[in-house]
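Peer 1: Just so it is clear, I am handing over target-v2.tsv, which has TSV, C-alpha atoms.
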chain	number	residue	atom	x	y	z
A	128	MET	CA	0.64	4.04	7.41
A	129	ARG	CA	2.38	7.42	7.20
A	130	ASN	CA	1.55	10.86	8.51
A	131	LEU	CA	0.26	12.91	5.57
A	132	LYS	CA	0.16	16.24	7.40
A	133	TYR	CA	2.82	18.82	6.65
A	134	THR	CA	4.23	19.84	10.03
A	135	THR	CA	7.28	21.59	11.45
A	136	GLN	CA	8.26	18.54	13.49
A	137	LEU	CA	11.69	18.40	11.85
A	138	THR	CA	12.57	21.47	13.93
A	139	HIS	CA	13.05	19.10	16.87
A	140	GLY	CA	15.52	16.87	15.05
A	141	THR	CA	16.60	15.99	11.55
A	142	GLY	CA	18.33	12.62	11.05
A	143	MET	CA	19.17	12.28	14.77
A	144	ILE	CA	21.21	9.16	14.05
A	145	ASN	CA	23.57	9.24	17.04
A	146	GLU	CA	20.79	10.19	19.44
A	147	THR	CA	18.61	7.38	18.13
A	148	LEU	CA	21.43	4.87	18.57
A	149	SER	CA	21.90	6.03	22.16
A	150	LEU	CA	18.21	5.72	22.94
A	151	LEU	CA	17.92	2.29	21.34
A	152	SER	CA	20.84	1.09	23.46
A	153	VAL	CA	18.93	1.82	26.69
A	154	TYR	CA	15.36	1.18	25.53
A	155	GLN	CA	13.63	-1.77	27.17
A	156	LYS	CA	10.48	-3.55	26.07
A	157	GLY	CA	7.40	-2.07	27.72
A	158	MET	CA	8.84	1.40	28.24
A	159	ASP	CA	6.49	4.25	27.44
A	160	LYS	CA	7.78	7.69	26.51
A	161	ASP	CA	7.59	9.00	30.08
A	162	ALA	CA	9.54	6.06	31.48
A	163	LEU	CA	12.15	6.51	28.76
A	164	ILE	CA	12.46	10.23	29.48
A	165	LYS	CA	12.93	9.54	33.21
A	166	TYR	CA	15.53	6.82	32.63
A	167	VAL	CA	17.53	8.84	30.11
A	168	LYS	CA	17.42	11.85	32.43
A	169	ASP	CA	18.74	9.73	35.30
A	170	ILE	CA	21.69	8.30	33.38
A	171	ASN	CA	22.18	11.35	31.10
A	172	CYS	CA	23.04	9.21	28.08
A	173	LEU	CA	22.16	12.01	25.66
A	174	SER	CA	24.20	14.69	27.45
A	175	CYS	CA	21.49	17.26	26.76
A	176	LYS	CA	22.16	20.75	28.07
A	177	THR	CA	18.55	21.23	29.13
A	178	GLU	CA	15.71	18.96	30.20
A	179	SER	CA	13.53	20.63	27.59
A	180	ARG	CA	15.85	19.48	24.82
A	181	LEU	CA	15.86	15.94	26.17
A	182	VAL	CA	12.05	15.88	26.21
A	183	HIS	CA	11.88	17.20	22.64
A	184	ILE	CA	14.30	14.53	21.38
A	185	ILE	CA	12.41	11.68	23.02
A	186	TYR	CA	8.81	12.81	22.60
A	187	ASP	CA	8.92	14.80	19.36
A	188	VAL	CA	11.45	12.63	17.53
A	189	PHE	CA	12.02	9.15	18.99
A	190	TYR	CA	8.47	8.51	20.18
A	191	GLN	CA	6.80	9.95	17.09
A	192	ARG	CA	8.98	8.02	14.65
A	193	PHE	CA	9.51	4.70	16.36
A	194	MET	CA	7.02	4.14	19.19
A	195	LYS	CA	3.72	5.79	18.29
A	196	VAL	CA	2.48	3.40	15.60
A	197	ASN	CA	4.03	0.20	16.96
A	198	PRO	CA	5.88	0.09	20.31
A	199	ASP	CA	7.78	-3.02	19.14
A	200	VAL	CA	9.72	-1.07	16.53
A	201	PRO	CA	12.48	0.10	18.94
A	202	ILE	CA	12.96	-3.50	20.06
A	203	TRP	CA	13.32	-4.66	16.45
A	204	LEU	CA	15.78	-1.88	15.63
A	205	LYS	CA	17.76	-2.55	18.80
A	206	GLN	CA	17.96	-6.24	17.94
A	207	ILE	CA	19.07	-5.46	14.38
A	208	ARG	CA	21.81	-3.12	15.56
A	209	GLU	CA	23.03	-5.54	18.21
A	210	ARG	CA	23.25	-8.32	15.62
A	211	GLY	CA	25.68	-6.21	13.63
A	212	LEU	CA	23.92	-4.69	10.64
A	213	SER	CA	26.26	-2.00	9.31
A	214	LEU	CA	25.47	1.59	10.26
A	215	LYS	CA	25.14	2.53	6.58
A	216	HIS	CA	22.40	-0.03	6.05
A	217	PHE	CA	20.82	0.54	9.46
A	218	THR	CA	20.49	4.22	8.64
A	219	GLN	CA	18.20	3.33	5.73
A	220	LEU	CA	15.70	1.98	8.24
A	221	LEU	CA	15.90	5.17	10.30
A	222	MET	CA	15.32	7.21	7.13
A	223	ILE	CA	12.13	5.31	6.37
A	224	TYR	CA	10.67	5.95	9.82
A	225	CYS	CA	11.61	9.63	9.62
A	226	ALA	CA	9.95	9.92	6.22
A	227	ARG	CA	6.79	8.17	7.38
A	228	GLU	CA	6.34	10.63	10.22
A	229	ASN	CA	7.39	13.75	8.29
A	230	ALA	CA	5.48	14.21	5.04
A	231	VAL	CA	7.56	17.27	4.18
A	232	PHE	CA	10.66	15.06	4.04
A	233	PHE	CA	8.97	12.06	2.39
A	234	ASP	CA	7.62	14.18	-0.43
A	235	ALA	CA	10.88	16.11	-0.83
A	236	VAL	CA	12.61	12.80	-1.57
A	237	THR	CA	9.98	11.69	-4.06
A	238	ASN	CA	9.16	15.08	-5.64
A	239	VAL	CA	12.53	16.86	-5.57
A	240	LEU	CA	15.45	14.44	-5.18
A	241	ASN	CA	14.12	11.62	-7.35
A	242	PRO	CA	13.33	13.88	-10.34
A	243	CYS	CA	16.88	15.25	-10.13
A	244	LYS	CA	18.20	11.69	-10.30
A	245	ASN	CA	15.87	10.76	-13.15
A	246	ASP	CA	17.02	13.82	-15.10
A	247	GLY	CA	20.64	12.74	-14.69
A	248	LEU	CA	21.57	15.74	-12.54
A	249	CYS	CA	24.61	15.57	-10.28
A	250	ILE	CA	23.53	18.40	-7.98
A	251	MET	CA	20.28	19.07	-6.15
A	252	LYS	CA	20.22	22.86	-5.86
A	253	LYS	CA	19.21	24.54	-2.61
A	254	GLU	CA	16.52	26.55	-4.37
A	255	SER	CA	14.80	23.36	-5.56
A	256	VAL	CA	13.95	22.47	-1.95
A	257	SER	CA	12.93	26.05	-1.18
A	258	LYS	CA	10.68	26.09	-4.24
A	259	TYR	CA	9.08	22.82	-3.18
A	260	ILE	CA	8.40	24.19	0.32
A	261	SER	CA	6.89	27.44	-0.99
A	262	GLY	CA	4.77	25.37	-3.38
A	263	LEU	CA	3.18	23.56	-0.45
A	264	VAL	CA	2.10	26.93	0.96
A	265	GLU	CA	0.85	28.21	-2.40
A	266	GLU	CA	-1.24	25.05	-2.83
A	267	GLY	CA	-2.75	25.48	0.65
A	268	LYS	CA	-1.18	22.28	1.98
A	269	ALA	CA	0.71	24.17	4.71
A	270	LYS	CA	0.32	27.53	6.42
A	271	TRP	CA	3.88	28.66	7.04
A	272	SER	CA	5.41	32.10	7.21
A	273	GLU	CA	8.43	32.87	5.05
A	274	SER	CA	10.76	32.33	7.99
A	275	VAL	CA	9.22	28.93	8.75
A	276	GLN	CA	9.45	27.98	5.08
A	277	LYS	CA	13.14	28.85	5.09
A	278	ARG	CA	13.76	26.77	8.22
A	279	ASN	CA	11.83	23.80	6.86
A	280	ALA	CA	13.84	23.86	3.65
A	281	SER	CA	17.01	23.82	5.76
A	282	TYR	CA	15.74	20.90	7.87
A	283	VAL	CA	14.81	18.87	4.80
A	284	ARG	CA	18.29	19.35	3.33
A	285	SER	CA	19.83	18.43	6.68
A	286	CYS	CA	17.89	15.16	6.67
A	287	LEU	CA	19.07	14.36	3.15
A	288	ILE	CA	22.64	15.02	4.28
A	289	ASP	CA	22.27	13.01	7.51
A	290	TYR	CA	20.98	10.01	5.57
A	291	GLU	CA	23.78	10.40	2.99
A	292	MET	CA	21.46	11.02	0.07
A	293	ILE	CA	23.28	14.26	-0.80
A	294	ASP	CA	26.44	15.91	0.51
A	295	ARG	CA	26.72	19.38	2.01
A	296	GLU	CA	27.26	20.94	-1.41
A	297	GLY	CA	24.11	19.28	-2.74
A	298	LYS	CA	25.91	16.59	-4.74
A	299	ILE	CA	23.61	13.62	-5.21
A	300	LEU	CA	25.23	10.54	-3.69
A	301	PRO	CA	24.84	6.92	-4.83
A	302	TYR	CA	21.93	5.55	-2.82
A	303	GLU	CA	20.68	2.04	-3.48
A	304	VAL	CA	18.28	0.23	-1.22
A	305	ASN	CA	19.96	-2.60	0.65
A	306	ASP	CA	18.59	-6.16	0.43
A	307	PHE	CA	17.96	-6.26	4.19
A	308	THR	CA	15.97	-3.02	4.00
A	309	ILE	CA	13.70	-4.60	1.40
A	310	LEU	CA	13.23	-7.73	3.47
A	311	TYR	CA	12.58	-5.71	6.62
A	312	LEU	CA	9.94	-3.59	4.92
A	313	MET	CA	8.25	-6.63	3.44
A	314	TYR	CA	8.11	-8.56	6.70
A	315	GLU	CA	7.14	-5.50	8.75
A	316	GLN	CA	4.17	-4.81	6.51
A	317	HIS	CA	3.26	-8.49	6.18
A	318	PHE	CA	2.91	-8.75	9.96
A	319	ALA	CA	1.01	-5.43	9.94
A	320	GLY	CA	-1.62	-7.14	7.78
A	321	LEU	CA	-0.82	-5.93	4.27
A	322	SER	CA	-1.55	-8.28	1.39
A	323	ASP	CA	1.25	-9.45	-0.87
A	324	MET	CA	0.01	-7.15	-3.64
A	325	ALA	CA	-0.20	-4.19	-1.25
A	326	ILE	CA	3.41	-4.81	-0.24
A	327	TRP	CA	4.44	-4.63	-3.89
A	328	ASP	CA	2.56	-1.33	-4.16
A	329	MET	CA	3.96	0.30	-0.99
A	330	GLU	CA	4.73	4.02	-1.12
A	331	GLU	CA	8.01	3.49	0.68
A	332	TRP	CA	9.59	2.04	-2.45
A	333	ASN	CA	9.45	5.56	-3.88
A	334	LEU	CA	11.94	6.67	-1.22
A	335	PHE	CA	14.51	4.57	-3.10
A	336	ASN	CA	13.34	5.70	-6.56
A	337	LEU	CA	12.23	2.20	-7.49
A	338	SER	CA	9.70	1.70	-10.26
A	339	HIS	CA	6.90	-0.85	-9.92
A	340	HIS	CA	8.82	-3.21	-12.19
A	341	GLN	CA	12.09	-2.71	-10.27
A	342	VAL	CA	10.36	-3.54	-6.98
A	343	LEU	CA	9.07	-6.80	-8.40
A	344	GLU	CA	12.49	-7.62	-9.80
A	345	ARG	CA	14.12	-7.13	-6.39
A	346	ILE	CA	11.38	-9.15	-4.66
A	347	MET	CA	11.84	-12.04	-7.08
A	348	ASN	CA	15.63	-11.95	-6.84
A	349	LEU	CA	15.50	-12.02	-3.02
A	350	SER	CA	13.11	-14.96	-3.18
A	351	LEU	CA	16.06	-17.01	-4.41
A	352	LYS	CA	17.89	-16.33	-1.13
A	353	GLY	CA	15.35	-18.16	1.01
A	354	ALA	CA	13.60	-15.57	3.20
A	355	TYR	CA	10.31	-16.30	1.43
A	356	ILE	CA	9.00	-17.89	-1.76
A	357	ALA	CA	7.54	-15.43	-4.26
A	358	GLN	CA	5.57	-16.29	-7.37
A	359	THR	CA	4.33	-13.90	-10.03
A	360	SER	CA	1.99	-14.26	-12.96
A	361	GLY	CA	1.31	-11.16	-14.99
A	362	GLU	CA	0.25	-8.47	-12.52
A	363	LEU	CA	-0.25	-10.87	-9.61
A	364	LEU	CA	2.18	-11.58	-6.80
A	365	THR	CA	1.90	-14.22	-4.10
A	366	ILE	CA	4.40	-14.84	-1.32
A	367	SER	CA	4.87	-17.79	1.01
A	368	TRP	CA	6.42	-16.37	4.17
A	369	ASN	CA	9.04	-18.39	6.03
A	370	TYR	CA	9.03	-16.62	9.42
A	371	LYS	CA	6.29	-16.25	11.99
A	372	SER	CA	7.46	-13.07	13.72
A	373	MET	CA	9.74	-10.09	13.17
A	374	GLU	CA	12.08	-11.39	15.85
A	375	GLU	CA	12.39	-14.73	14.05
A	376	PHE	CA	13.00	-12.96	10.75
A	377	ILE	CA	15.69	-10.68	12.22
A	378	ASN	CA	17.50	-13.57	13.91
A	379	ALA	CA	17.56	-15.52	10.65
A	380	ALA	CA	18.36	-12.67	8.28
A	381	ILE	CA	21.39	-11.15	10.06
Could you take the file, read its structure, and then write that structure out as structure tokens?

Peer 2:
Amino acid sequence: MRNLKYTTQLTHGTGMINETLSLLSVYQKGMDKDALIKYVKDINCLSCKTESRLVHIIYDVFYQRFMKVNPDVPIWLKQIRERGLSLKHFTQLLMIYCARENAVFFDAVTNVLNPCKNDGLCIMKKESVSKYISGLVEEGKAKWSESVQKRNASYVRSCLIDYEMIDREGKILPYEVNDFTILYLMYEQHFAGLSDMAIWDMEEWNLFNLSHHQVLERIMNLSLKGAYIAQTSGELLTISWNYKSMEEFINAAI
């Protein structure tokens, strides 16, 4: 489901929250990346200084994160935003798609930020990200020069700041997964064909530092609110789903 390659794609954009909101506002169902580039260029909604920058934002960020795997994702996100989900909670969805496409960010959250939280630390030091990046090179998982390693460490930290997981001084901020984010992930992956048990086991839960038991607890608690009916027995989980499409789910949940 996620891109496992360690790339330098974050060089083209970190959180890109405002740019993503602008693109979602003009995106129409059926648009491919070239049509989107042409339309955005015509109306200049991104106010890019160069055409090259506009192309990088759309192709290397927006397309890769939101359109490549499933072209319906921008429509879902646009619908969610238009129905009034708060920006704070909406940003959690953007974080997930960024992490799926950028393994260097996904694994920084799970291998650097989460251990800091679990150790009760208040600050995630800059050198912890740099050490993680250099470790990828030492293990042969990435072939980056020292200058590229330094830039990647900076981009990872920028993403964590953009998504309000840390502040600019590295202070670890309170970051709890929102109920709607959980429901969205569950329904998205249900319609993608994952089994109920596979949904419980999804890697994405690690982005919110949730244990296997905590995921089940949240799933069962949300079952009481009517979006689905979940039943568990020992290590088994079964879910009766109430909605037949993502659009139906979004309309009912917000």

Peer 1: What is the distance, in Å and to one decimal place, between atom CA of Ile326 of chain A and atom CA of Met313 of chain A?

Peer 2: 6.3 Å

Peer 1: Could you check which of A:Ile202, A:Ile299, A:Ile185, A:Ala319 is closest to Leu163 of chain A, using all atoms listed in the file?

Peer 2: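 Using all atoms listed in the file, the shortest distance to Leu163 of chain A belongs to A:Ile185.
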
Peer 1: For each of A:Ile381, A:Val153, A:Val304, A:Val283, take the minimum atom-to-atom distance to Gln341 of chain A, counting all atoms listed in the file, then give the residue where this is smallest.

Peer 2: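 Residue with the minimum atom-to-atom distance to Gln341 of chain A: A:Val304.
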
Peer 1: Please provide as a PyMOL selection string all residues within 7 Å of segment 229-239 of chain A, with the sequence filter that same-chain residues fewer than 5 positions apart are discarded (counting all atoms listed in the file).

Peer 2: chain A and resi 130-133+255-256+283+333-334

Peer 1: What's the separation between atom CA of Glu315 of chain A and atom CA of Ser338 of chain A, in Å to one decimal place?

Peer 2: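 Computing the Euclidean distance for atom CA of Glu315 of chain A and atom CA of Ser338 of chain A yields 20.5 Å.
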
Peer 1: Which one of A:Ala354, A:Ala380, A:Leu300, A:Ala325 sits closest to His339 of chain A if you count only C-alpha atoms?

Peer 2: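 With only C-alpha atoms as the atom set, the closest residue is A:Ala325.
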
Peer 1: Counting only C-alpha atoms, figure out which residue out of A:Asn369, A:Thr147, A:Thr135, A:Gln219 gets nearest to Phe193 of chain A.

Peer 2: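 Going through A:Asn369, A:Thr147, A:Thr135, A:Gln219 one by one, the smallest distance to Phe193 of chain A is for A:Thr147.
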
Peer 1: Residues proximal to (2.9, -16.9, 1.2) were defined as those with any atom within 8 Å of that point in the file's coordinates, counting only C-alpha atoms. Which are they, as a ChimeraX atom specification?

Peer 2: /A:323,355-357,365-369

Peer 1: For each of A:Val188, A:Glu362, A:Arg227, A:Tyr290, take the minimum atom-to-atom distance to Met329 of chain A, counting only C-alpha atoms, then give the residue where this is smallest.

Peer 2: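 Checking each candidate against Met329 of chain A, we get A:Arg227 as the closest.
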
Peer 1: What is the atom CA of Thr359 of chain A-atom CA of Glu330 of chain A distance in Å, reported with one decimal?

Peer 2: 20.0 Å

Peer 1: Using all atoms listed in the file, give me every residue within 12 Å of (8.7, 9.5, 20.3) in file coordinates, as a VMD selection string.

Peer 2: chain A and resid 136 139 to 140 147 150 to 151 154 158 to 164 181 to 198 200 to 201 224 to 225 228

Peer 1: Is it possible to get the axis-aligned box enclosing segment 273-286 of chain A (all listed atoms, 4 Å extra per side) as lines of an AutoDock Vina configuration file, with centre and edge lengths in Å rounded to one decimal?

Peer 2:
center_x = 14.1
center_y = 24.0
center_z = 6.0
size_x = 19.4
size_y = 25.7
size_z = 13.4

Peer 1: Considering only C-alpha atoms, state which residue in the set A:Gly353, A:Leu310, A:Glu375, A:Lys268 is at the smallest distance from Thr134 of chain A.

Peer 2: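 Distance minimum relative to Thr134 of chain A lands on A:Lys268.
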
Peer 1: Can you tell me which residues surround Asn378 of chain A at a distance of at most 12 Å, considering all atoms listed in the file, apart from same-chain residues fewer than 2 positions away, and format the answer as a ChimeraX atom specification?

Peer 2: /A:203-204,206-212,311,354,370-376,380-381
